[in-house]
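Undergrad: Next comes my_file-v9.pdb, PDB, C-alpha atoms:
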```pdb
ATOM      1  CA  ASN U   6      27.062   2.716 286.224  1.00  0.00           C
ATOM      2  CA  PHE U   7      30.314   1.581 287.790  1.00  0.00           C
ATOM      3  CA  GLU U   8      31.866   1.311 291.230  1.00  0.00           C
ATOM      4  CA  TYR U   9      35.570   0.859 290.389  1.00  0.00           C
ATOM      5  CA  LEU U  10      38.183   2.336 288.054  1.00  0.00           C
ATOM      6  CA  ALA U  11      41.484   0.761 287.097  1.00  0.00           C
ATOM      7  CA  ASN U  12      44.754   1.810 285.525  1.00  0.00           C
ATOM      8  CA  ILE U  13      46.661  -1.172 284.163  1.00  0.00           C
ATOM      9  CA  ASP U  14      49.855  -0.668 282.164  1.00  0.00           C
ATOM     10  CA  ALA U  15      49.965  -2.450 278.820  1.00  0.00           C
ATOM     11  CA  ASP U  16      53.089  -4.414 279.778  1.00  0.00           C
ATOM     12  CA  MET U  17      51.460  -6.125 282.775  1.00  0.00           C
ATOM     13  CA  ILE U  18      50.473  -9.782 282.689  1.00  0.00           C
ATOM     14  CA  LEU U  19      47.686 -10.336 285.199  1.00  0.00           C
ATOM     15  CA  PRO U  20      46.374 -13.526 286.774  1.00  0.00           C
ATOM     16  CA  ASN U  21      42.864 -14.431 285.570  1.00  0.00           C
ATOM     17  CA  ASP U  22      41.324 -13.530 288.940  1.00  0.00           C
ATOM     18  CA  TYR U  23      43.213 -10.219 289.424  1.00  0.00           C
ATOM     19  CA  PHE U  24      40.158  -7.955 289.410  1.00  0.00           C
ATOM     20  CA  GLU U  25      37.973 -10.388 291.329  1.00  0.00           C
ATOM     21  CA  VAL U  26      40.480 -10.737 294.189  1.00  0.00           C
ATOM     22  CA  LEU U  27      41.197  -7.020 294.538  1.00  0.00           C
ATOM     23  CA  ILE U  28      37.609  -5.848 294.146  1.00  0.00           C
ATOM     24  CA  THR U  29      36.630  -8.331 296.873  1.00  0.00           C
ATOM     25  CA  LYS U  30      39.229  -6.691 299.132  1.00  0.00           C
ATOM     26  CA  LEU U  31      37.766  -3.265 298.324  1.00  0.00           C
ATOM     27  CA  GLU U  32      34.239  -4.517 299.044  1.00  0.00           C
ATOM     28  CA  ASN U  33      35.274  -6.055 302.380  1.00  0.00           C
ATOM     29  CA  ASN U  34      36.842  -2.850 303.740  1.00  0.00           C
ATOM     30  CA  GLN U  35      34.825   0.381 303.493  1.00  0.00           C
ATOM     31  CA  LYS U  36      37.927   2.520 304.244  1.00  0.00           C
ATOM     32  CA  LEU U  37      40.041   0.912 301.509  1.00  0.00           C
ATOM     33  CA  GLY U  38      40.101   3.233 298.487  1.00  0.00           C
ATOM     34  CA  VAL U  39      43.030   2.156 296.301  1.00  0.00           C
ATOM     35  CA  VAL U  40      44.596  -1.286 295.827  1.00  0.00           C
ATOM     36  CA  SER U  41      47.003  -3.091 293.567  1.00  0.00           C
ATOM     37  CA  GLY U  42      48.825  -6.347 293.232  1.00  0.00           C
ATOM     38  CA  ALA U  43      52.598  -6.605 293.402  1.00  0.00           C
ATOM     39  CA  VAL U  44      55.037  -6.250 290.513  1.00  0.00           C
ATOM     40  CA  TYR U  45      57.288  -9.127 289.597  1.00  0.00           C
ATOM     41  CA  TYR U  46      59.501  -9.440 286.530  1.00  0.00           C
ATOM     42  CA  LYS U  47      61.216 -12.369 284.880  1.00  0.00           C
ATOM     43  CA  THR U  48      64.907 -13.041 285.337  1.00  0.00           C
ATOM     44  CA  LYS U  49      67.048 -16.003 284.317  1.00  0.00           C
ATOM     45  CA  LYS U  50      66.534 -17.353 287.842  1.00  0.00           C
ATOM     46  CA  GLY U  51      62.736 -16.950 287.766  1.00  0.00           C
ATOM     47  CA  LEU U  52      60.348 -14.281 288.988  1.00  0.00           C
ATOM     48  CA  LYS U  53      61.778 -11.449 291.069  1.00  0.00           C
ATOM     49  CA  TYR U  54      59.661  -9.260 293.360  1.00  0.00           C
ATOM     50  CA  GLU U  55      60.089  -5.532 292.793  1.00  0.00           C
ATOM     51  CA  ASN U  56      60.236  -3.975 296.248  1.00  0.00           C
ATOM     52  CA  SER U  57      57.555  -1.509 297.246  1.00  0.00           C
ATOM     53  CA  PHE U  58      55.837  -0.306 300.392  1.00  0.00           C
ATOM     54  CA  ASP U  59      52.861  -2.453 301.415  1.00  0.00           C
ATOM     55  CA  LEU U  60      50.667   0.613 301.844  1.00  0.00           C
ATOM     56  CA  MET U  61      51.443   2.044 298.415  1.00  0.00           C
ATOM     57  CA  PRO U  62      49.557   0.561 295.455  1.00  0.00           C
ATOM     58  CA  ARG U  63      51.513   0.406 292.221  1.00  0.00           C
ATOM     59  CA  GLY U  64      50.578   2.900 289.502  1.00  0.00           C
ATOM     60  CA  GLY U  65      50.370   0.460 286.631  1.00  0.00           C
ATOM     61  CA  LEU U  66      48.239  -2.037 288.546  1.00  0.00           C
ATOM     62  CA  ARG U  67      45.828   0.046 290.570  1.00  0.00           C
ATOM     63  CA  ILE U  68      42.122  -0.148 291.182  1.00  0.00           C
ATOM     64  CA  TRP U  69      40.185   2.681 292.891  1.00  0.00           C
ATOM     65  CA  LYS U  70      36.778   2.815 294.443  1.00  0.00           C
ATOM     66  CA  LYS U  71      34.875   5.360 292.370  1.00  0.00           C
ATOM     67  CA  LYS U  72      34.199   7.550 295.415  1.00  0.00           C
ATOM     68  CA  CYS U  73      37.909   7.654 296.328  1.00  0.00           C
ATOM     69  CA  PHE U  74      38.924   8.410 292.741  1.00  0.00           C
ATOM     70  CA  PHE U  75      36.622  11.421 292.461  1.00  0.00           C
ATOM     71  CA  GLU U  76      37.248  12.719 296.013  1.00  0.00           C
ATOM     72  CA  THR U  77      40.976  12.839 295.235  1.00  0.00           C
ATOM     73  CA  ASP U  78      40.640  14.344 291.739  1.00  0.00           C
ATOM     74  CA  GLY U  79      41.676  11.131 289.985  1.00  0.00           C
ATOM     75  CA  ILE U  80      44.975  11.104 288.157  1.00  0.00           C
ATOM     76  CA  THR U  81      47.013  14.297 288.497  1.00  0.00           C
ATOM     77  CA  ILE U  82      49.286  14.989 285.537  1.00  0.00           C
ATOM     78  CA  THR U  83      52.564  15.215 287.422  1.00  0.00           C
ATOM     79  CA  TYR U  84      55.770  13.398 288.261  1.00  0.00           C
ATOM     80  CA  HIS U  85      55.019  10.116 290.019  1.00  0.00           C
ATOM     81  CA  TRP U  86      51.270  10.578 289.665  1.00  0.00           C
ATOM     82  CA  ASP U  87      50.760   7.291 291.506  1.00  0.00           C
ATOM     83  CA  SER U  88      52.547   8.546 294.619  1.00  0.00           C
ATOM     84  CA  VAL U  89      50.466  11.720 294.491  1.00  0.00           C
ATOM     85  CA  SER U  90      47.310   9.625 294.125  1.00  0.00           C
ATOM     86  CA  ASN U  91      48.270   7.524 297.156  1.00  0.00           C
ATOM     87  CA  ALA U  92      49.026  10.622 299.236  1.00  0.00           C
ATOM     88  CA  LYS U  93      45.733  12.277 298.288  1.00  0.00           C
ATOM     89  CA  ALA U  94      43.786   9.133 299.169  1.00  0.00           C
ATOM     90  CA  ILE U  95      45.438   8.943 302.594  1.00  0.00           C
ATOM     91  CA  LEU U  96      44.913  12.679 303.201  1.00  0.00           C
ATOM     92  CA  HIS U  97      41.208  12.171 302.448  1.00  0.00           C
ATOM     93  CA  GLY U  98      40.965   9.385 305.041  1.00  0.00           C
ATOM     94  CA  TRP U  99      41.191   6.407 302.692  1.00  0.00           C
ATOM     95  CA  GLU U 100      43.404   3.371 303.199  1.00  0.00           C
ATOM     96  CA  THR U 101      45.677   2.159 300.404  1.00  0.00           C
ATOM     97  CA  LYS U 102      47.290  -1.260 300.013  1.00  0.00           C
ATOM     98  CA  CYS U 103      49.555  -3.245 297.698  1.00  0.00           C
ATOM     99  CA  TYR U 104      48.878  -6.980 298.061  1.00  0.00           C
ATOM    100  CA  LYS U 105      52.091  -8.982 297.577  1.00  0.00           C
ATOM    101  CA  GLU U 106      50.177 -12.242 297.201  1.00  0.00           C
ATOM    102  CA  VAL U 107      48.450 -10.933 294.054  1.00  0.00           C
ATOM    103  CA  ILE U 108      51.222 -11.378 291.499  1.00  0.00           C
ATOM    104  CA  ALA U 109      51.409  -9.386 288.266  1.00  0.00           C
ATOM    105  CA  ILE U 110      54.313  -9.842 285.895  1.00  0.00           C
ATOM    106  CA  GLN U 111      55.779  -6.762 284.255  1.00  0.00           C
ATOM    107  CA  SER U 112      57.629  -7.216 280.965  1.00  0.00           C
ATOM    108  CA  ARG U 113      60.523  -5.059 282.194  1.00  0.00           C
ATOM    109  CA  GLU U 114      61.813  -3.495 285.390  1.00  0.00           C
ATOM    110  CA  THR U 115      60.211  -0.238 286.503  1.00  0.00           C
ATOM    111  CA  ASN U 116      62.002   2.938 285.308  1.00  0.00           C
ATOM    112  CA  THR U 117      63.568   1.189 282.309  1.00  0.00           C
ATOM    113  CA  ALA U 118      61.103   1.888 279.454  1.00  0.00           C
ATOM    114  CA  ASN U 119      63.396   4.585 278.007  1.00  0.00           C
ATOM    115  CA  GLY U 120      66.611   3.231 279.465  1.00  0.00           C
ATOM    116  CA  SER U 121      67.712   2.882 283.064  1.00  0.00           C
ATOM    117  CA  TRP U 122      69.752   6.097 283.175  1.00  0.00           C
ATOM    118  CA  ARG U 123      66.890   8.261 281.903  1.00  0.00           C
ATOM    119  CA  GLY U 124      64.312   6.511 284.082  1.00  0.00           C
ATOM    120  CA  TYR U 125      66.271   7.005 287.300  1.00  0.00           C
ATOM    121  CA  LYS U 126      67.220  10.573 286.377  1.00  0.00           C
ATOM    122  CA  ILE U 127      63.509  11.346 286.008  1.00  0.00           C
ATOM    123  CA  SER U 128      62.876   9.656 289.371  1.00  0.00           C
ATOM    124  CA  GLY U 129      65.483  11.952 290.941  1.00  0.00           C
ATOM    125  CA  GLU U 130      63.715  14.966 289.447  1.00  0.00           C
ATOM    126  CA  ALA U 131      60.405  13.633 290.724  1.00  0.00           C
ATOM    127  CA  PHE U 132      61.803  13.099 294.215  1.00  0.00           C
ATOM    128  CA  HIS U 133      62.756  16.767 294.361  1.00  0.00           C
ATOM    129  CA  TYR U 134      59.433  17.906 292.902  1.00  0.00           C
ATOM    130  CA  LEU U 135      57.491  15.893 295.489  1.00  0.00           C
ATOM    131  CA  GLY U 136      59.667  17.135 298.356  1.00  0.00           C
ATOM    132  CA  TYR U 137      61.463  13.917 299.279  1.00  0.00           C
ATOM    133  CA  HIS U 138      64.055  14.484 301.969  1.00  0.00           C
ATOM    134  CA  PRO U 139      67.669  14.525 300.670  1.00  0.00           C
ATOM    135  CA  LEU U 140      68.611  11.796 303.174  1.00  0.00           C
ATOM    136  CA  TYR U 141      65.997   9.467 301.648  1.00  0.00           C
ATOM    137  CA  VAL U 142      67.358  10.150 298.147  1.00  0.00           C
ATOM    138  CA  PHE U 143      70.917   9.521 299.346  1.00  0.00           C
ATOM    139  CA  LEU U 144      69.969   6.230 301.036  1.00  0.00           C
ATOM    140  CA  LYS U 145      67.977   5.144 297.978  1.00  0.00           C
ATOM    141  CA  SER U 146      71.026   5.848 295.802  1.00  0.00           C
ATOM    142  CA  ILE U 147      73.231   3.807 298.149  1.00  0.00           C
ATOM    143  CA  ASN U 148      70.788   0.914 297.818  1.00  0.00           C
ATOM    144  CA  LEU U 149      70.956   1.211 294.015  1.00  0.00           C
ATOM    145  CA  LEU U 150      74.764   0.926 294.145  1.00  0.00           C
ATOM    146  CA  PHE U 151      74.278  -2.728 295.034  1.00  0.00           C
ATOM    147  CA  SER U 152      71.946  -3.458 292.119  1.00  0.00           C
ATOM    148  CA  LYS U 153      72.960  -4.943 288.778  1.00  0.00           C
ATOM    149  CA  ARG U 154      72.619  -1.448 287.275  1.00  0.00           C
ATOM    150  CA  PHE U 155      74.738   0.377 289.848  1.00  0.00           C
ATOM    151  CA  TYR U 156      75.008   3.474 287.617  1.00  0.00           C
ATOM    152  CA  THR U 157      71.317   4.203 288.269  1.00  0.00           C
ATOM    153  CA  SER U 158      72.480   5.463 291.657  1.00  0.00           C
ATOM    154  CA  LEU U 159      74.313   8.299 289.905  1.00  0.00           C
ATOM    155  CA  ALA U 160      71.341   8.984 287.626  1.00  0.00           C
ATOM    156  CA  LEU U 161      69.018   9.336 290.638  1.00  0.00           C
ATOM    157  CA  ILE U 162      71.396  11.742 292.430  1.00  0.00           C
ATOM    158  CA  TYR U 163      72.010  13.681 289.208  1.00  0.00           C
ATOM    159  CA  GLY U 164      68.281  14.080 288.574  1.00  0.00           C
ATOM    160  CA  TYR U 165      67.654  15.197 292.149  1.00  0.00           C
ATOM    161  CA  ILE U 166      70.544  17.702 292.323  1.00  0.00           C
ATOM    162  CA  SER U 167      69.908  19.123 288.843  1.00  0.00           C
ATOM    163  CA  SER U 168      66.324  19.870 289.910  1.00  0.00           C
ATOM    164  CA  LEU U 169      67.097  21.743 293.129  1.00  0.00           C
ATOM    165  CA  ASN U 170      66.313  25.121 291.541  1.00  0.00           C
ATOM    166  CA  ASN U 171      63.063  23.866 290.026  1.00  0.00           C
ATOM    167  CA  GLN U 172      59.592  24.311 291.458  1.00  0.00           C
ATOM    168  CA  GLN U 173      58.177  21.734 293.867  1.00  0.00           C
ATOM    169  CA  ILE U 174      54.619  20.482 293.989  1.00  0.00           C
ATOM    170  CA  PRO U 175      52.500  23.393 295.282  1.00  0.00           C
ATOM    171  CA  ASP U 176      50.392  21.224 297.617  1.00  0.00           C
ATOM    172  CA  LEU U 177      52.273  21.336 300.944  1.00  0.00           C
ATOM    173  CA  ASN U 178      50.208  18.460 302.338  1.00  0.00           C
ATOM    174  CA  ILE U 179      51.424  16.175 299.537  1.00  0.00           C
ATOM    175  CA  ARG U 180      55.033  17.173 300.228  1.00  0.00           C
ATOM    176  CA  LYS U 181      54.649  16.377 303.911  1.00  0.00           C
TER     177      LYS U 181
END
```
What does this structure look like when you write it as structure tokens?
TA:
Amino acid sequence: NFEYLANIDADMILPNDYFEVLITKLENNQKLGVVSGAVYYKTKKGLKYENSFDLMPRGGLRIWKKKCFFETDGITITYHWDSVSNAKAILHGWETKCYKEVIAIQSRETNTANGSWRGYKISGEAFHYLGYHPLYVFLKSINLLFSKRFYTSLALIYGYISSLNNQQIPDLNIRK
């Protein structure tokens, strides 16, 4: 007997009302199927927002309506499962949303659990697998050049290029 499912990464620090706020948003919009708060992490200067698209809930903070979860086959074991989950929800007519005003603090930056180089190399591989356009990958790598870990730009490109001969996700709708 449940109406919602959640996937919360162990390194997330949530506000006390995290579930209450987001479940209320799900209850107030029948088309809304997947939600999350926004990821922030601590720096010497305070909390820093980790950029993401407003319509794309974060993987380690997400809550699904049960109906949406089962209609979209839940969590697919794949690269960037959260992006696949978002795409499937949208393809099934659900809305998805990341609420910036609902702040969750992550203990580290995304893609750095096993080191920044490895994390961004895997992201490059995932971008190819999911069919991301090469121009997007190039622009993303340019953006990373201006980050404090500029070398992640090379890791992303390396991961993408080294995967060009590998299989892509079979679902053409997800790729599009």
Undergrad: Find the spatial neighbours of stretch 63-71 of chain U, counting only C-alpha atoms, within a cut-off of 6 Å - ignore same-chain residues fewer than 6 positions away - and output them as a list in words.
TA: Glu8, Tyr9, Leu10, Ala11, Asn12, Ile13, Asp14, Gly38, Val39, Val40, Ser41 and Asp87 of chain U
Undergrad: How many Å separate atom CA of U:Gly42 from atom CA of U:Cys73?
TA: 18.0 Å
Undergrad: Please indicate the distance in Å from atom CA of U:Gly164 to atom CA of U:Gly124, rounded to one decimal place.
TA: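 These two atoms are separated by 9.7 Å.
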Undergrad: Could you tell me how far atom CA of U:Ala131 lies from atom CA of U:His85, in Å and to one decimal?
TA: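 One can read the atom CA of U:Ala131 to atom CA of U:His85 distance as 6.5 Å.
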Undergrad: Which is closest to U:Leu37 among U:Arg180, U:His138, U:His97, U:Lys105, if we use all atoms listed in the file?
TA: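 Comparing U:Arg180, U:His138, U:His97, U:Lys105 against U:Leu37, the winner is U:His97.
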Undergrad: Would you translate the PyMOL selection byres ((chain U and resi 86) around 12) into the concrete set of residues it matches in this file, as an MDAnalysis selection string?
TA: chainID U and resid 12 62:65 67 77:85 87:93 128 131:132 134:135 174 179
Undergrad: If you apply the PyMOL selection byres ((chain U and resi 100) around 8) to this file, what residues do you get, as a compact mmCIF listing (two decimals) with C-alpha atoms, keeping the file's coordinate frame?
TA:
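Dumped to selection01.txt:
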```txt
# COMPACT_ATOMS: atom_id res chain seq x y z
CA LYS U 36 37.93 2.52 304.24
CA LEU U 37 40.04 0.91 301.51
CA GLY U 38 40.10 3.23 298.49
CA VAL U 39 43.03 2.16 296.30
CA LEU U 60 50.67 0.61 301.84
CA ALA U 94 43.79 9.13 299.17
CA ILE U 95 45.44 8.94 302.59
CA GLY U 98 40.96 9.38 305.04
CA TRP U 99 41.19 6.41 302.69
CA THR U 101 45.68 2.16 300.40
CA LYS U 102 47.29 -1.26 300.01
```
Undergrad: Counting all atoms listed in the file, what is within 7 Å of U:Ala43, bar same-chain residues fewer than 3 positions away, as a JSON list (two decimals) with C-alpha atoms, in the coordinates of the input?
TA:
```
[["chain", "number", "residue", "atom", "x", "y", "z"],
["U", 103, "CYS", "CA", 49.56, -3.24, 297.70],
["U", 104, "TYR", "CA", 48.88, -6.98, 298.06],
["U", 105, "LYS", "CA", 52.09, -8.98, 297.58],
["U", 107, "VAL", "CA", 48.45, -10.93, 294.05],
["U", 108, "ILE", "CA", 51.22, -11.38, 291.50],
["U", 109, "ALA", "CA", 51.41, -9.39, 288.27]]
```
Undergrad: Can you tell me which residues surround U:Leu150 at a distance of at most 12 Å, considering only C-alpha atoms, apart from same-chain residues fewer than 5 positions away, and format the answer as a PyMOL selection string?
TA: chain U and resi 143-145+155-162
Undergrad: Save the residues we just selected, C-alpha atoms, as a CSV table (one decimal), in the coordinates of the input?
TA:
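Wrote it out as out.csv, contents follow:
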```
chain,number,residue,atom,x,y,z
U,143,PHE,CA,70.9,9.5,299.3
U,144,LEU,CA,70.0,6.2,301.0
U,145,LYS,CA,68.0,5.1,298.0
U,155,PHE,CA,74.7,0.4,289.8
U,156,TYR,CA,75.0,3.5,287.6
U,157,THR,CA,71.3,4.2,288.3
U,158,SER,CA,72.5,5.5,291.7
U,159,LEU,CA,74.3,8.3,289.9
U,160,ALA,CA,71.3,9.0,287.6
U,161,LEU,CA,69.0,9.3,290.6
U,162,ILE,CA,71.4,11.7,292.4
```
Undergrad: Show which residues sit within 8 Å of U:Ile18, as a list in words. Count all atoms listed in the file, and ignore same-chain residues fewer than 6 positions away.
TA: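 The neighbour list is Ala109, Ile110, Gln111 and Ser112 of chain U.
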Undergrad: Around all listed atoms of stretch 149-154 of chain U, padded 4 Å per side, what centre and edge lengths does the axis-aligned box have in Å to one decimal, as JSON?
TA:
```
{"center_x": 72.9, "center_y": -1.9, "center_z": 291.2, "size_x": 11.8, "size_y": 14.2, "size_z": 15.8}
```
